[in-house]
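The next block is run06.txt, given as compact mmCIF, C-alpha atoms.
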# COMPACT_ATOMS: atom_id res chain seq x y z
CA MET B 1 -1.86 -47.72 12.31
CA LYS B 2 0.81 -45.11 12.61
CA HIS B 3 1.89 -45.89 9.10
CA HIS B 4 -1.67 -45.36 7.82
CA ALA B 5 -2.00 -42.11 9.69
CA LEU B 6 1.22 -40.85 8.17
CA THR B 7 0.13 -41.92 4.71
CA ALA B 8 -3.17 -40.11 5.15
CA LEU B 9 -1.38 -36.98 6.26
CA CYS B 10 1.04 -36.98 3.34
CA PRO B 11 -1.15 -35.04 0.89
CA TYR B 12 -1.75 -32.40 3.54
CA ALA B 13 1.90 -32.22 4.40
CA PHE B 14 2.71 -31.81 0.73
CA SER B 15 0.14 -29.03 0.40
CA PHE B 16 1.57 -27.33 3.47
CA ILE B 17 5.09 -27.47 2.09
CA LEU B 18 3.91 -26.30 -1.31
CA LEU B 19 2.00 -23.40 0.17
CA PHE B 20 4.96 -22.15 2.12
CA SER B 21 7.41 -22.73 -0.69
CA LEU B 22 5.28 -20.49 -2.90
CA ALA B 23 4.72 -17.81 -0.31
CA PRO B 24 7.09 -14.85 -0.20
CA ALA B 25 9.34 -15.15 2.80
CA SER B 26 8.11 -12.61 5.29
CA ALA B 27 10.07 -11.34 8.20
CA GLN B 28 8.28 -11.54 11.52
CA HIS B 29 5.95 -8.58 11.88
CA VAL B 30 7.34 -6.08 14.34
CA PRO B 31 4.99 -3.28 15.38
CA ALA B 32 6.12 0.23 14.56
CA ALA B 33 5.18 1.22 18.11
CA SER B 34 8.27 -0.65 19.28
CA ILE B 35 10.52 2.05 17.79
CA PRO B 36 11.70 4.40 20.56
CA THR B 37 10.17 7.85 20.29
CA ALA B 38 13.64 9.38 20.56
CA ASP B 39 14.53 7.79 17.24
CA LEU B 40 11.58 9.22 15.35
CA ILE B 41 11.76 12.31 13.17
CA GLN B 42 8.66 14.24 12.24
CA PRO B 43 7.93 15.06 8.59
CA ALA B 44 8.15 18.81 9.22
CA ASP B 45 11.61 18.43 10.76
CA LEU B 46 12.95 16.29 7.94
CA ALA B 47 11.48 18.64 5.35
CA ALA B 48 13.22 21.54 7.08
CA ASN B 49 16.51 19.65 7.02
CA LEU B 50 16.11 19.01 3.30
CA LYS B 51 15.66 22.71 2.68
CA ASN B 52 18.75 23.55 4.68
CA ALA B 53 21.60 23.38 2.19
CA SER B 54 24.17 23.53 4.97
CA ALA B 55 22.70 20.58 6.87
CA PRO B 56 24.83 17.43 6.90
CA LYS B 57 24.06 14.96 4.14
CA VAL B 58 21.73 12.19 5.26
CA LEU B 59 21.15 8.86 3.57
CA ILE B 60 17.40 8.47 3.12
CA LEU B 61 16.07 5.00 2.40
CA GLN B 62 12.52 4.02 1.46
CA VAL B 63 11.74 0.57 2.82
CA GLY B 64 8.17 0.26 1.59
CA PHE B 65 6.63 -0.85 -1.66
CA ARG B 66 8.04 -0.03 -5.05
CA LYS B 67 4.83 1.24 -6.64
CA LEU B 68 4.54 3.86 -3.92
CA TYR B 69 8.15 4.96 -4.44
CA GLU B 70 7.63 5.25 -8.20
CA GLN B 71 4.66 7.53 -7.71
CA ALA B 72 6.23 9.77 -5.11
CA HIS B 73 9.27 9.75 -2.88
CA ILE B 74 11.51 12.07 -0.96
CA PRO B 75 14.08 13.60 -3.34
CA ASP B 76 17.42 11.78 -3.25
CA SER B 77 15.94 8.95 -1.25
CA GLU B 78 16.73 5.46 -2.46
CA TYR B 79 14.33 2.61 -2.87
CA VAL B 80 15.67 -0.40 -1.03
CA GLY B 81 12.86 -2.93 -0.77
CA ALA B 82 9.98 -3.86 1.47
CA ALA B 83 11.68 -4.60 4.77
CA GLY B 84 8.70 -6.63 5.92
CA GLU B 85 9.93 -9.39 3.65
CA ASP B 86 13.19 -11.23 4.03
CA ALA B 87 14.34 -10.29 0.53
CA GLY B 88 13.80 -6.59 1.25
CA LEU B 89 15.62 -6.85 4.56
CA GLN B 90 18.57 -8.44 2.85
CA LEU B 91 18.67 -5.64 0.28
CA LEU B 92 18.74 -3.17 3.14
CA ARG B 93 21.59 -5.00 4.84
CA ASN B 94 23.50 -5.10 1.56
CA ARG B 95 22.96 -1.38 0.95
CA VAL B 96 24.46 -0.35 4.26
CA ALA B 97 27.04 -3.11 4.61
CA LYS B 98 30.06 -0.98 3.75
CA LEU B 99 28.93 2.25 5.38
CA PRO B 100 30.52 3.63 8.55
CA LYS B 101 28.38 2.79 11.55
CA ASP B 102 27.90 6.45 12.37
CA THR B 103 26.34 7.23 8.97
CA ALA B 104 23.25 9.37 9.40
CA ILE B 105 20.38 7.34 8.00
CA VAL B 106 16.68 8.14 7.76
CA ILE B 107 14.30 5.34 6.87
CA TYR B 108 10.69 5.76 5.88
CA CYS B 109 7.77 3.81 4.48
CA GLY B 110 4.27 5.35 4.57
CA CYS B 111 2.59 2.37 2.95
CA CYS B 112 -0.24 2.33 5.44
CA PRO B 113 -1.20 3.57 8.89
CA TRP B 114 1.77 3.57 11.28
CA SER B 115 0.37 0.91 13.57
CA HIS B 116 -0.05 -1.47 10.63
CA CYS B 117 3.20 -0.82 8.78
CA PRO B 118 4.91 -4.16 8.17
CA ASN B 119 8.21 -2.62 7.09
CA ILE B 120 9.45 0.20 9.23
CA ALA B 121 10.25 -1.53 12.51
CA ALA B 122 11.82 -4.46 10.69
CA ALA B 123 14.13 -2.03 8.89
CA TYR B 124 14.91 -0.15 12.09
CA ASN B 125 15.80 -3.35 13.93
CA ALA B 126 17.97 -4.58 11.08
CA LEU B 127 20.01 -1.38 11.11
CA HIS B 128 20.38 -1.54 14.87
CA ALA B 129 21.45 -5.15 14.64
CA GLN B 130 24.22 -3.94 12.36
CA ARG B 131 25.13 -1.39 15.05
CA PHE B 132 24.27 1.77 13.17
CA THR B 133 24.12 4.54 15.70
CA GLN B 134 22.57 7.44 13.77
CA VAL B 135 19.31 5.99 12.54
CA LYS B 136 16.15 8.05 12.46
CA VAL B 137 12.72 6.85 11.44
CA LEU B 138 10.33 9.18 9.67
CA TYR B 139 7.06 9.07 11.57
CA ILE B 140 4.27 8.76 9.03
CA ALA B 141 1.05 8.49 10.95
CA ASP B 142 -1.36 7.66 8.14
CA ASN B 143 0.35 7.35 4.77
CA PHE B 144 2.96 9.06 2.62
CA GLY B 145 0.33 10.98 0.65
CA ASP B 146 -1.40 12.59 3.61
CA ASN B 147 1.61 13.10 5.83
CA TRP B 148 4.18 14.21 3.29
CA VAL B 149 2.98 14.93 -0.25
CA ASN B 150 -0.22 16.74 0.66
CA LEU B 151 1.68 18.93 3.10
CA GLY B 152 3.75 20.34 0.28
CA TYR B 153 7.05 18.78 1.26
CA PRO B 154 9.57 18.04 -1.50
CA VAL B 155 8.67 15.16 -3.77
CA ALA B 156 10.31 13.38 -6.66
CA VAL B 157 8.80 10.78 -8.95
CA GLY B 158 10.00 7.79 -10.93
CA ARG B 159 12.42 5.02 -10.30
CA MET U 1 23.46 23.35 -3.25
CA ILE U 2 22.44 20.53 -5.55
CA LEU U 3 20.11 19.19 -2.88
CA ALA U 4 18.52 22.59 -2.46
CA ALA U 5 18.01 22.90 -6.21
CA LEU U 6 16.38 19.50 -6.30
CA CYS U 7 14.01 20.50 -3.54
CA VAL U 8 12.95 23.61 -5.39
CA THR U 9 12.33 21.76 -8.63
CA THR U 10 10.29 19.02 -7.07
CA SER U 11 8.37 20.69 -4.28
CA VAL U 12 5.60 21.99 -6.46
CA LEU U 13 4.36 18.59 -7.56
CA SER U 14 0.86 17.95 -6.33
CA LEU U 15 0.84 14.21 -6.65
CA ALA U 16 -1.68 13.37 -4.03
CA SER U 17 -4.33 15.85 -5.05
CA ALA U 18 -6.71 13.02 -5.83
CA PRO U 19 -9.07 13.74 -8.69
CA SER U 20 -12.05 12.78 -6.62
CA PHE U 21 -13.71 16.17 -6.29
CA ALA U 22 -13.59 19.40 -8.23
CA GLY U 23 -12.98 22.63 -6.37
CA ASP U 24 -16.70 23.32 -6.03
CA GLY U 25 -17.35 19.90 -4.53
CA THR U 26 -18.78 18.42 -7.71
CA PRO U 27 -17.71 14.82 -8.15
CA ARG U 28 -15.32 14.30 -11.01
CA MET U 29 -15.47 11.46 -13.43
CA ALA U 30 -13.48 8.39 -12.49
CA PRO U 31 -10.48 7.97 -14.79
CA ASP U 32 -10.99 5.07 -17.14
CA PHE U 33 -8.46 2.27 -17.36
CA THR U 34 -8.15 -1.21 -18.78
CA ARG U 35 -6.13 -4.00 -17.23
CA ALA U 36 -6.17 -7.78 -17.35
CA ASP U 37 -7.58 -9.27 -14.19
CA LEU U 38 -5.99 -12.20 -12.38
CA LYS U 39 -7.91 -14.62 -14.57
CA GLY U 40 -6.73 -12.96 -17.77
CA ASN U 41 -10.04 -11.26 -18.53
CA SER U 42 -10.08 -7.65 -19.66
CA LEU U 43 -11.18 -5.29 -16.91
CA SER U 44 -12.24 -1.80 -17.99
CA LEU U 45 -13.82 0.66 -15.65
CA HIS U 46 -16.14 1.97 -18.36
CA ASP U 47 -17.74 -1.48 -18.56
CA TYR U 48 -19.21 -0.81 -15.14
CA ARG U 49 -21.32 2.14 -16.19
CA GLY U 50 -24.80 1.67 -14.80
CA LYS U 51 -23.42 0.01 -11.66
CA LEU U 52 -22.33 1.33 -8.31
CA VAL U 53 -18.62 0.56 -8.11
CA LEU U 54 -16.36 0.25 -5.10
CA LEU U 55 -12.82 0.43 -6.50
CA ASN U 56 -10.41 -0.85 -3.88
CA PHE U 57 -6.62 -0.45 -3.99
CA TRP U 58 -5.01 -2.99 -1.69
CA ALA U 59 -2.04 -5.29 -1.15
CA THR U 60 -1.46 -8.63 0.48
CA TRP U 61 1.01 -7.21 3.01
CA CYS U 62 -1.42 -4.51 4.15
CA GLY U 63 -3.17 -5.59 7.34
CA PRO U 64 -6.18 -3.26 7.10
CA CYS U 65 -6.65 -4.33 3.48
CA LEU U 66 -6.95 -7.95 4.52
CA THR U 67 -9.58 -6.97 7.05
CA GLU U 68 -11.61 -5.26 4.36
CA ILE U 69 -11.57 -7.71 1.49
CA PRO U 70 -13.65 -10.47 3.08
CA ARG U 71 -16.29 -7.85 3.86
CA PHE U 72 -16.18 -6.64 0.29
CA ALA U 73 -16.70 -10.19 -0.91
CA ALA U 74 -19.71 -10.47 1.38
CA TRP U 75 -21.10 -7.18 0.06
CA GLN U 76 -20.65 -8.42 -3.49
CA ASN U 77 -22.81 -11.40 -2.58
CA THR U 78 -25.41 -9.37 -0.75
CA TYR U 79 -25.71 -6.33 -2.99
CA GLY U 80 -24.52 -7.59 -6.35
CA ALA U 81 -28.01 -8.21 -7.61
CA ALA U 82 -28.93 -4.63 -6.71
CA GLY U 83 -26.07 -3.29 -8.81
CA LEU U 84 -22.96 -3.15 -6.63
CA ARG U 85 -19.68 -4.12 -8.23
CA ILE U 86 -16.47 -4.44 -6.25
CA VAL U 87 -13.27 -4.05 -8.26
CA GLY U 88 -9.90 -4.74 -6.67
CA ILE U 89 -6.55 -3.35 -7.73
CA SER U 90 -3.55 -4.93 -6.07
CA MET U 91 -0.43 -2.84 -5.57
CA ASP U 92 1.70 -5.88 -4.79
CA ASP U 93 4.90 -6.26 -6.78
CA ALA U 94 3.96 -9.63 -8.26
CA PRO U 95 0.68 -11.46 -8.87
CA ALA U 96 1.63 -14.80 -7.26
CA GLN U 97 0.82 -13.78 -3.71
CA VAL U 98 -2.28 -11.94 -4.91
CA VAL U 99 -3.62 -15.10 -6.52
CA ARG U 100 -3.06 -16.94 -3.25
CA ALA U 101 -4.88 -14.23 -1.31
CA TYR U 102 -7.69 -14.23 -3.86
CA GLU U 103 -8.24 -17.91 -3.14
CA LYS U 104 -7.63 -17.76 0.58
CA TYR U 105 -10.16 -14.98 1.10
CA HIS U 106 -12.64 -16.43 -1.40
CA LEU U 107 -12.83 -13.22 -3.37
CA ASN U 108 -15.72 -13.16 -5.80
CA TYR U 109 -14.95 -9.97 -7.68
CA PRO U 110 -12.33 -9.09 -10.29
CA VAL U 111 -8.87 -8.11 -9.16
CA ALA U 112 -6.19 -6.68 -11.43
CA MET U 113 -2.59 -5.75 -10.76
CA GLY U 114 -2.04 -2.03 -10.39
CA ASP U 115 1.05 -0.01 -11.13
CA ALA U 116 2.42 3.46 -10.63
CA ASP U 117 0.71 4.74 -13.79
CA LEU U 118 -2.68 3.62 -12.56
CA GLY U 119 -1.95 5.14 -9.19
CA ARG U 120 -1.08 8.47 -10.80
CA LEU U 121 -4.29 8.33 -12.82
CA PHE U 122 -6.19 8.44 -9.53
CA GLY U 123 -4.06 11.22 -8.13
CA GLY U 124 -1.60 8.94 -6.40
CA VAL U 125 -2.13 5.76 -4.44
CA LEU U 126 0.24 6.89 -1.73
CA GLY U 127 -0.97 4.67 1.06
CA LEU U 128 -3.23 1.70 1.50
CA PRO U 129 -5.99 0.80 1.71
CA LEU U 130 -7.64 3.30 -0.58
CA SER U 131 -11.12 2.95 -2.07
CA TYR U 132 -13.25 5.02 -4.38
CA LEU U 133 -17.01 4.85 -4.59
CA ILE U 134 -18.13 5.51 -8.15
CA ASP U 135 -21.74 6.11 -9.10
CA PRO U 136 -23.51 4.53 -12.10
CA GLU U 137 -22.65 7.58 -14.24
CA GLY U 138 -18.94 7.10 -13.54
CA ARG U 139 -18.57 9.98 -11.08
CA ILE U 140 -16.42 9.57 -7.99
CA ILE U 141 -18.70 10.15 -5.03
CA GLY U 142 -16.47 8.96 -2.22
CA ARG U 143 -12.80 8.49 -1.39
CA TYR U 144 -11.82 6.34 1.58
CA GLN U 145 -8.18 6.43 2.60
CA GLY U 146 -6.87 4.24 5.41
CA GLU U 147 -9.22 2.28 7.56
CA PRO U 148 -12.77 3.35 6.81
CA ASP U 149 -15.68 2.65 9.11
CA LEU U 150 -16.99 -0.34 7.22
CA LYS U 151 -20.44 -0.14 8.82
CA GLN U 152 -20.82 3.44 7.66
CA LEU U 153 -19.53 2.57 4.21
CA GLU U 154 -22.00 -0.30 3.92
CA LEU U 155 -24.84 1.99 4.99
CA ARG U 156 -23.82 4.47 2.33
CA ILE U 157 -23.69 1.77 -0.32
CA ARG U 158 -27.12 0.51 0.68
CA SER U 159 -28.50 4.02 0.50
CA LEU U 160 -27.23 4.39 -3.05
CA LEU U 161 -28.66 1.15 -4.36
CA PRO U 162 -32.24 0.80 -5.55
CA ARG U 163 -34.55 -0.61 -2.92
CA PRO U 164 -35.82 -4.12 -3.67

Would you give me this structure, written as structure tokens?
Amino acid sequence: MKHHALTALCPYAFSFILLFSLAPASAQHVPAASIPTADLIQPADLAANLKNASAPKVLILQVGFRKLYEQAHIPDSEYVGAAGEDAGLQLLRNRVAKLPKDTAIVIYCGCCPWSHCPNIAAAYNALHAQRFTQVKVLYIADNFGDNWVNLGYPVAVGR
Amino acid sequence: MILAALCVTTSVLSLASAPSFAGDGTPRMAPDFTRADLKGNSLSLHDYRGKLVLLNFWATWCGPCLTEIPRFAAWQNTYGAAGLRIVGISMDDAPAQVVRAYEKYHLNYPVAMGDADLGRLFGGVLGLPLSYLIDPEGRIIGRYQGEPDLKQLELRIRSLLPRP
């Protein structure tokens, strides 16, 4: 009986395995609201820092989707990968692996409304897990277009 | 110094000034494009002249997008005969997960893969979801960024379709 039940389940088990082997590996969704307010930076403040030539150099990393970055991104920011997926998280870890832990880093996404962003908190947590102490997260309430580009802040295009 | 120079040279770009409306509020024409849909068929926006089009930019990792697309499929069923056409443009990196979503959500309308060029054509797809409502003459008559009120959007669509 048990043998028959197992045999009957086999096609389903195979489908299940196939489905998940084809699916992109996604990191567990972590809500952006979990990021402490003290670690957020507002777009106006970051834009002001960018204009200030004497401000300390900050590493700015985009952890959202590539097609957004190609259309518009913060000048000098680097595209890392969608941190909501395991592959993107690994790229982020690789990018910062050799940096001093007190490196000033700003991460941003802007793919979608803050409460739905699948990337930003995952990236934040990954950097904290690597004990980076100077991480700020750009608070993008709605999307990168409305909360950065349309406000006239500096923008670059392309890869 | 270099950083400051970069800021100056790039700050004047108006990437997200979507081409949806002219300065006087007159709807502009929707930019035409041709892409292959997920089934390999040619998808051109100009082929939809004479129909009311809801052009939806989305992605499989976008939560609000996944809330919308089953509703859009239902609207396609309900209002298709009256002239509504839903067209999906995925901004995912690769089509594999889009094909899976297409099947999972039983989508019944064409979906093509988008890219940065297509995004720029529409003034920048700089956040998802983003939908355009395009009238039968090809004019953009609505732009819906983020999470639209789907009830209101459906009412608007119904109001634009001929009554049975």

Return as a Markdown table the residues of chain B lying at most 9 Å from chain U, together with the closest atom-to-atom pair for each and the distance in Å to one decimal, counting only C-alpha atoms, with rows in chain order and ascending residue number.
| residue | atom | partner | partner_atom | distance |
| --- | --- | --- | --- | --- |
| B:Leu19 | CA | U:Arg100 | CA | 8.9 |
| B:Leu22 | CA | U:Ala96 | CA | 8.0 |
| B:Ala23 | CA | U:Gln97 | CA | 6.6 |
| B:Pro24 | CA | U:Gln97 | CA | 7.3 |
| B:Leu50 | CA | U:Ala4 | CA | 7.2 |
| B:Lys51 | CA | U:Ala4 | CA | 5.9 |
| B:Asn52 | CA | U:Ala4 | CA | 7.2 |
| B:Ala53 | CA | U:Ala4 | CA | 5.6 |
| B:Ser54 | CA | U:Met1 | CA | 8.3 |
| B:Phe65 | CA | U:Asp93 | CA | 7.6 |
| B:Arg66 | CA | U:Asp93 | CA | 7.2 |
| B:Lys67 | CA | U:Ala116 | CA | 5.2 |
| B:Leu68 | CA | U:Leu126 | CA | 5.7 |
| B:Tyr69 | CA | U:Ala116 | CA | 8.6 |
| B:Glu70 | CA | U:Ala116 | CA | 6.0 |
| B:Gln71 | CA | U:Ala116 | CA | 5.5 |
| B:Ala72 | CA | U:Leu15 | CA | 7.2 |
| B:Pro75 | CA | U:Cys7 | CA | 6.9 |
| B:Asp76 | CA | U:Leu3 | CA | 7.9 |
| B:Gly84 | CA | U:Trp61 | CA | 8.2 |
| B:Gly110 | CA | U:Gly127 | CA | 6.3 |
| B:Cys111 | CA | U:Gly127 | CA | 4.6 |
| B:Cys112 | CA | U:Leu128 | CA | 5.0 |
| B:Pro113 | CA | U:Gly146 | CA | 6.7 |
| B:His116 | CA | U:Gly63 | CA | 6.1 |
| B:Cys117 | CA | U:Cys62 | CA | 7.5 |
| B:Pro118 | CA | U:Trp61 | CA | 7.2 |
| B:Asp142 | CA | U:Gly146 | CA | 7.0 |
| B:Asn143 | CA | U:Gly127 | CA | 4.8 |
| B:Phe144 | CA | U:Leu126 | CA | 5.6 |
| B:Gly145 | CA | U:Leu126 | CA | 4.7 |
| B:Asp146 | CA | U:Ala16 | CA | 7.7 |
| B:Val149 | CA | U:Ala16 | CA | 6.2 |
| B:Asn150 | CA | U:Ala16 | CA | 6.0 |
| B:Gly152 | CA | U:Ser11 | CA | 6.5 |
| B:Tyr153 | CA | U:Ser11 | CA | 6.0 |
| B:Pro154 | CA | U:Ser11 | CA | 4.0 |
| B:Val155 | CA | U:Thr10 | CA | 5.3 |
| B:Ala156 | CA | U:Thr10 | CA | 5.7 |
| B:Val157 | CA | U:Thr10 | CA | 8.6 |
| B:Gly158 | CA | U:Ala116 | CA | 8.7 |

- Query: For Pro95 of chain U, which of U:Phe57, U:Ala112, U:Asp135, U:Phe72 is the closest residue, counting only C-alpha atoms?
  - Reply: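 The answer is U:Ala112, which sits nearest to Pro95 of chain U.
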
- d(atom CA of Asp149 of chain U, atom CA of Ile89 of chain U) in Å: 20.1 Å

- Query: Of the candidates B:Gly81, B:Asp86, B:Ala123, B:Leu61, which one gets nearest to Ile105 of chain B if we count all atoms listed in the file?
  - Reply: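 For Ile105 of chain B, the nearest of the candidates is B:Leu61.
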
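The residue that comes closest to Val80 of chain B, out of B:Ala48, B:Pro100, B:Cys109, B:Ala55 and on the basis of all atoms listed in the file, is B:Cys109.
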
At a cut-off of 12 Å, using only C-alpha atoms, what residues contact Asn94 of chain B? Leave out same-chain residues fewer than 3 positions from it and give the result as a compact mmCIF listing (two decimals) with C-alpha atoms, in the frame of the given file.
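Now in out.txt:
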# COMPACT_ATOMS: atom_id res chain seq x y z
CA VAL B 80 15.67 -0.40 -1.03
CA GLY B 81 12.86 -2.93 -0.77
CA ALA B 87 14.34 -10.29 0.53
CA GLY B 88 13.80 -6.59 1.25
CA LEU B 89 15.62 -6.85 4.56
CA GLN B 90 18.57 -8.44 2.85
CA LEU B 91 18.67 -5.64 0.28
CA ALA B 97 27.04 -3.11 4.61
CA LYS B 98 30.06 -0.98 3.75
CA LEU B 99 28.93 2.25 5.38
CA ALA B 126 17.97 -4.58 11.08
CA LEU B 127 20.01 -1.38 11.11
CA GLN B 130 24.22 -3.94 12.36

- Computed gap from atom CA of Ala73 of chain U to atom CA of Gln152 of chain U is 16.6 Å

- Item | Top pick for closest residue to Pro43 of chain B, considering B:Ala141, B:Leu59, B:Val135, B:Ala129 and counting only C-alpha atoms | B:Ala141
